[in-house]
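Okay, coords.cif now, which holds mmCIF, N, CA and C atoms:
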```cif
data_entry
loop_
_atom_site.label_atom_id
_atom_site.label_comp_id
_atom_site.auth_asym_id
_atom_site.auth_seq_id
_atom_site.Cartn_x
_atom_site.Cartn_y
_atom_site.Cartn_z
N MET K 24 57.98 45.20 -32.72
CA MET K 24 58.96 46.20 -33.07
C MET K 24 60.26 45.50 -33.41
N ASN K 25 60.86 45.92 -34.45
CA ASN K 25 62.18 45.43 -34.82
C ASN K 25 63.19 46.54 -34.58
N VAL K 26 64.34 46.17 -34.04
CA VAL K 26 65.41 47.11 -33.76
C VAL K 26 66.66 46.59 -34.45
N THR K 27 67.37 47.47 -35.12
CA THR K 27 68.60 47.09 -35.79
C THR K 27 69.78 47.69 -35.04
N VAL K 28 70.77 46.85 -34.78
CA VAL K 28 71.99 47.30 -34.12
C VAL K 28 73.14 47.04 -35.07
N HIS K 29 73.94 48.05 -35.31
CA HIS K 29 75.08 47.91 -36.22
C HIS K 29 76.32 47.56 -35.41
N ILE K 30 76.92 46.42 -35.75
CA ILE K 30 78.13 45.94 -35.08
C ILE K 30 79.18 45.74 -36.17
N PRO K 31 80.37 46.29 -35.97
CA PRO K 31 81.44 46.09 -36.96
C PRO K 31 81.66 44.59 -37.22
N ASP K 32 81.86 44.24 -38.47
CA ASP K 32 81.97 42.83 -38.88
C ASP K 32 83.01 42.06 -38.09
N ASP K 33 84.18 42.67 -37.86
CA ASP K 33 85.23 41.94 -37.15
C ASP K 33 84.82 41.60 -35.71
N LEU K 34 84.05 42.48 -35.10
CA LEU K 34 83.56 42.20 -33.75
C LEU K 34 82.38 41.24 -33.77
N ALA K 35 81.52 41.40 -34.73
CA ALA K 35 80.33 40.56 -34.84
C ALA K 35 80.72 39.08 -34.97
N ARG K 36 81.76 38.79 -35.70
CA ARG K 36 82.20 37.39 -35.87
C ARG K 36 82.59 36.78 -34.52
N ARG K 37 83.13 37.58 -33.63
CA ARG K 37 83.56 37.06 -32.33
C ARG K 37 82.40 36.92 -31.35
N LEU K 38 81.30 37.60 -31.61
CA LEU K 38 80.16 37.58 -30.68
C LEU K 38 79.22 36.40 -30.87
N GLY K 39 79.35 35.70 -31.97
CA GLY K 39 78.49 34.55 -32.21
C GLY K 39 77.62 34.77 -33.43
N THR K 40 76.66 33.86 -33.60
CA THR K 40 75.76 33.95 -34.73
C THR K 40 74.79 35.11 -34.52
N ALA K 41 74.15 35.50 -35.59
CA ALA K 41 73.19 36.60 -35.50
C ALA K 41 72.07 36.27 -34.51
N SER K 42 71.59 35.04 -34.51
CA SER K 42 70.51 34.67 -33.59
C SER K 42 70.99 34.65 -32.14
N GLU K 43 72.24 34.25 -31.91
CA GLU K 43 72.78 34.27 -30.55
C GLU K 43 72.91 35.70 -30.03
N VAL K 44 73.43 36.58 -30.86
CA VAL K 44 73.59 37.98 -30.47
C VAL K 44 72.22 38.62 -30.27
N GLU K 45 71.28 38.32 -31.15
CA GLU K 45 69.93 38.87 -31.03
C GLU K 45 69.30 38.47 -29.69
N ARG K 46 69.42 37.18 -29.33
CA ARG K 46 68.83 36.71 -28.08
C ARG K 46 69.50 37.35 -26.87
N ARG K 47 70.84 37.41 -26.89
CA ARG K 47 71.55 38.02 -25.76
C ARG K 47 71.22 39.50 -25.62
N ALA K 48 71.08 40.19 -26.72
CA ALA K 48 70.73 41.61 -26.67
C ALA K 48 69.33 41.79 -26.09
N LEU K 49 68.40 40.95 -26.52
CA LEU K 49 67.03 41.01 -26.00
C LEU K 49 67.03 40.74 -24.49
N GLU K 50 67.75 39.69 -24.07
CA GLU K 50 67.80 39.35 -22.65
C GLU K 50 68.41 40.48 -21.83
N ALA K 51 69.49 41.07 -22.33
CA ALA K 51 70.14 42.17 -21.60
C ALA K 51 69.22 43.37 -21.46
N LEU K 52 68.55 43.74 -22.53
CA LEU K 52 67.63 44.87 -22.49
C LEU K 52 66.47 44.57 -21.55
N ALA K 53 65.87 43.41 -21.69
CA ALA K 53 64.71 43.04 -20.88
C ALA K 53 65.08 42.98 -19.40
N LEU K 54 66.22 42.39 -19.09
CA LEU K 54 66.66 42.28 -17.70
C LEU K 54 66.89 43.66 -17.09
N GLU K 55 67.53 44.54 -17.81
CA GLU K 55 67.78 45.89 -17.31
C GLU K 55 66.47 46.65 -17.09
N GLU K 56 65.55 46.51 -18.01
CA GLU K 56 64.26 47.19 -17.86
C GLU K 56 63.47 46.63 -16.69
N TYR K 57 63.59 45.34 -16.44
CA TYR K 57 62.94 44.73 -15.28
C TYR K 57 63.55 45.28 -13.99
N LYS K 58 64.88 45.34 -13.94
CA LYS K 58 65.57 45.87 -12.75
C LYS K 58 65.18 47.32 -12.48
N LEU K 59 64.96 48.08 -13.54
CA LEU K 59 64.58 49.49 -13.39
C LEU K 59 63.10 49.66 -13.03
N GLY K 60 62.36 48.56 -13.05
CA GLY K 60 60.95 48.62 -12.71
C GLY K 60 60.05 48.98 -13.88
N HIS K 61 60.58 48.93 -15.08
CA HIS K 61 59.80 49.26 -16.27
C HIS K 61 59.00 48.07 -16.80
N LEU K 62 59.36 46.87 -16.35
CA LEU K 62 58.65 45.65 -16.74
C LEU K 62 58.28 44.86 -15.49
N THR K 63 57.11 44.27 -15.50
CA THR K 63 56.72 43.37 -14.42
C THR K 63 57.23 41.97 -14.75
N LYS K 64 57.16 41.06 -13.77
CA LYS K 64 57.58 39.68 -14.04
C LYS K 64 56.76 39.05 -15.16
N PRO K 65 55.42 39.20 -15.17
CA PRO K 65 54.66 38.61 -16.28
C PRO K 65 55.06 39.20 -17.64
N GLU K 66 55.33 40.50 -17.67
CA GLU K 66 55.76 41.13 -18.93
C GLU K 66 57.12 40.62 -19.36
N LEU K 67 58.03 40.48 -18.40
CA LEU K 67 59.37 39.96 -18.70
C LEU K 67 59.27 38.53 -19.23
N ARG K 68 58.45 37.73 -18.58
CA ARG K 68 58.24 36.35 -19.02
C ARG K 68 57.72 36.29 -20.45
N ARG K 69 56.75 37.14 -20.74
CA ARG K 69 56.17 37.19 -22.09
C ARG K 69 57.19 37.65 -23.11
N LEU K 70 57.94 38.70 -22.78
CA LEU K 70 58.94 39.24 -23.71
C LEU K 70 60.01 38.22 -24.05
N LEU K 71 60.43 37.45 -23.04
CA LEU K 71 61.49 36.48 -23.26
C LEU K 71 60.98 35.11 -23.72
N GLY K 72 59.66 34.94 -23.72
CA GLY K 72 59.08 33.71 -24.23
C GLY K 72 59.21 32.50 -23.32
N PHE K 73 59.31 32.74 -22.01
CA PHE K 73 59.37 31.61 -21.09
C PHE K 73 57.97 31.07 -20.85
N GLY K 74 57.83 29.75 -20.89
CA GLY K 74 56.53 29.12 -20.75
C GLY K 74 56.02 29.02 -19.33
N THR K 75 56.93 29.09 -18.36
CA THR K 75 56.52 28.95 -16.96
C THR K 75 57.20 30.00 -16.10
N ARG K 76 56.61 30.21 -14.91
CA ARG K 76 57.24 31.12 -13.95
C ARG K 76 58.55 30.54 -13.46
N ASP K 77 58.63 29.21 -13.34
CA ASP K 77 59.88 28.58 -12.90
C ASP K 77 61.02 28.86 -13.88
N ALA K 78 60.72 28.84 -15.17
CA ALA K 78 61.74 29.13 -16.16
C ALA K 78 62.24 30.57 -16.00
N LEU K 79 61.31 31.49 -15.79
CA LEU K 79 61.70 32.87 -15.58
C LEU K 79 62.51 33.02 -14.30
N ASP K 80 62.07 32.38 -13.23
CA ASP K 80 62.81 32.45 -11.97
C ASP K 80 64.23 31.91 -12.13
N GLY K 81 64.39 30.84 -12.89
CA GLY K 81 65.72 30.29 -13.17
C GLY K 81 66.59 31.28 -13.93
N PHE K 82 65.98 31.95 -14.90
CA PHE K 82 66.70 32.97 -15.67
C PHE K 82 67.16 34.10 -14.75
N LEU K 83 66.25 34.59 -13.91
CA LEU K 83 66.59 35.68 -13.00
C LEU K 83 67.68 35.26 -12.03
N LYS K 84 67.57 34.06 -11.49
CA LYS K 84 68.58 33.55 -10.56
C LYS K 84 69.94 33.44 -11.24
N ALA K 85 69.95 32.94 -12.47
CA ALA K 85 71.20 32.80 -13.22
C ALA K 85 71.87 34.14 -13.46
N HIS K 86 71.08 35.21 -13.46
CA HIS K 86 71.61 36.55 -13.69
C HIS K 86 71.74 37.36 -12.39
N GLY K 87 71.62 36.66 -11.26
CA GLY K 87 71.83 37.30 -9.96
C GLY K 87 70.76 38.29 -9.56
N VAL K 88 69.54 38.08 -10.07
CA VAL K 88 68.42 38.97 -9.73
C VAL K 88 67.48 38.20 -8.80
N PHE K 89 67.35 38.71 -7.58
CA PHE K 89 66.52 38.05 -6.59
C PHE K 89 65.45 39.01 -6.10
N GLU K 90 64.32 38.44 -5.68
CA GLU K 90 63.23 39.25 -5.13
C GLU K 90 63.70 39.87 -3.81
N PRO K 91 63.33 41.11 -3.56
CA PRO K 91 63.66 41.69 -2.26
C PRO K 91 62.94 40.92 -1.16
N TYR K 92 63.63 40.66 -0.07
CA TYR K 92 63.07 39.88 1.03
C TYR K 92 63.46 40.57 2.32
N SER K 93 62.47 41.11 3.01
CA SER K 93 62.74 41.93 4.19
C SER K 93 62.50 41.15 5.48
N ILE K 94 62.89 41.77 6.59
CA ILE K 94 62.61 41.21 7.91
C ILE K 94 61.10 41.07 8.10
N ALA K 95 60.33 42.03 7.60
CA ALA K 95 58.87 41.96 7.70
C ALA K 95 58.34 40.73 6.97
N ASP K 96 58.94 40.39 5.83
CA ASP K 96 58.53 39.19 5.09
C ASP K 96 58.80 37.93 5.92
N ILE K 97 59.96 37.88 6.54
CA ILE K 97 60.31 36.73 7.38
C ILE K 97 59.33 36.61 8.54
N GLU K 98 59.04 37.72 9.18
CA GLU K 98 58.11 37.71 10.32
C GLU K 98 56.72 37.26 9.89
N ARG K 99 56.26 37.73 8.75
CA ARG K 99 54.94 37.33 8.25
C ARG K 99 54.92 35.82 7.98
N GLU K 100 55.97 35.29 7.40
CA GLU K 100 56.03 33.85 7.13
C GLU K 100 56.10 33.06 8.44
N ARG K 101 56.84 33.58 9.42
CA ARG K 101 56.93 32.91 10.71
C ARG K 101 55.55 32.84 11.37
N GLN K 102 54.80 33.93 11.32
CA GLN K 102 53.46 33.95 11.89
C GLN K 102 52.52 33.00 11.15
N ASP K 103 52.64 32.96 9.84
CA ASP K 103 51.81 32.03 9.06
C ASP K 103 52.11 30.59 9.45
N LEU K 104 53.38 30.25 9.58
CA LEU K 104 53.76 28.90 9.96
C LEU K 104 53.26 28.56 11.38
N HIS K 105 53.34 29.54 12.26
CA HIS K 105 52.84 29.34 13.63
C HIS K 105 51.33 29.06 13.62
N ARG K 106 50.58 29.81 12.84
CA ARG K 106 49.14 29.61 12.73
C ARG K 106 48.81 28.22 12.17
N LEU K 107 49.69 27.72 11.31
CA LEU K 107 49.48 26.40 10.73
C LEU K 107 49.96 25.26 11.63
N GLY K 108 50.55 25.64 12.75
CA GLY K 108 50.99 24.62 13.71
C GLY K 108 52.42 24.15 13.52
N PHE K 109 53.19 24.93 12.80
CA PHE K 109 54.60 24.53 12.60
C PHE K 109 55.51 25.33 13.49
#
```
For the structure just supplied, provide its representation as structure tokens.
Amino acid sequence: MNVTVHIPDDLARRLGTASEVERRALEALALEEYKLGHLTKPELRRLLGFGTRDALDGFLKAHGVFEPYSIADIERERQDLHRLGF
């Protein structure tokens, strides 16, 4: 799908090249849709063209998006470590 966004010329010049604006717009849309739960991590990775999960995790971290981590998660990890002898 191709989407066209009309930006006044005087503003467009300040926003960067067409490819820079296109990439930033794609990232902003994809990130918001991920936060809303409309995209999964694999879908987000595919949409943004990241080759690895680490690259996607770096992108999410750079944008202040972190996986939810609860007390139950900590307890489960503590029990796993205990079972492994740590």
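Across the structure, CA of Glu50 (chain K) and CA of Leu71 (chain K) are spaced 7.0 Å apart.
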On this structure, which residues satisfy the PyMOL selection byres (((chain K and resi 84-87 and name CA) around 12) and name CA), written as a ChimeraX atom specification?
/K:50-51,53-55,58,77-83,88-90
Can you sort out the box for region 50-63 of chain K, edges along x, y and z, all listed atoms in, 6 Å on every side, with centre and edge lengths in Å to one decimal, as AutoDock Vina command-line options?
```
--center_x 63.4 --center_y 44.5 --center_z -18.3 --size_x 25.4 --size_y 22.3 --size_z 23.6
```
Using CA of Val28 (chain K) and CA of Thr40 (chain K) as the two end points, give the distance in Å to one decimal.
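We find that CA of Val28 (chain K) and CA of Thr40 (chain K) lie 13.9 Å from each other.
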Write out as a ChimeraX atom specification all residues of chain K that DSSP puts in helix (DSSP H, G or I) for this structure's backbone.
/K:32-38,41-58,64-71,76-85,94-106
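Straight-line separation from CA of Asp32 (chain K) to CA of Val44 (chain K): 12.8 Å.
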Between K:Pro31, K:Asn25, K:Ala95, K:His61, which has the minimum distance to Glu45 (chain K) (counting only C-alpha atoms)?
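Of all the options, K:Asn25 lies closest to Glu45 (chain K).
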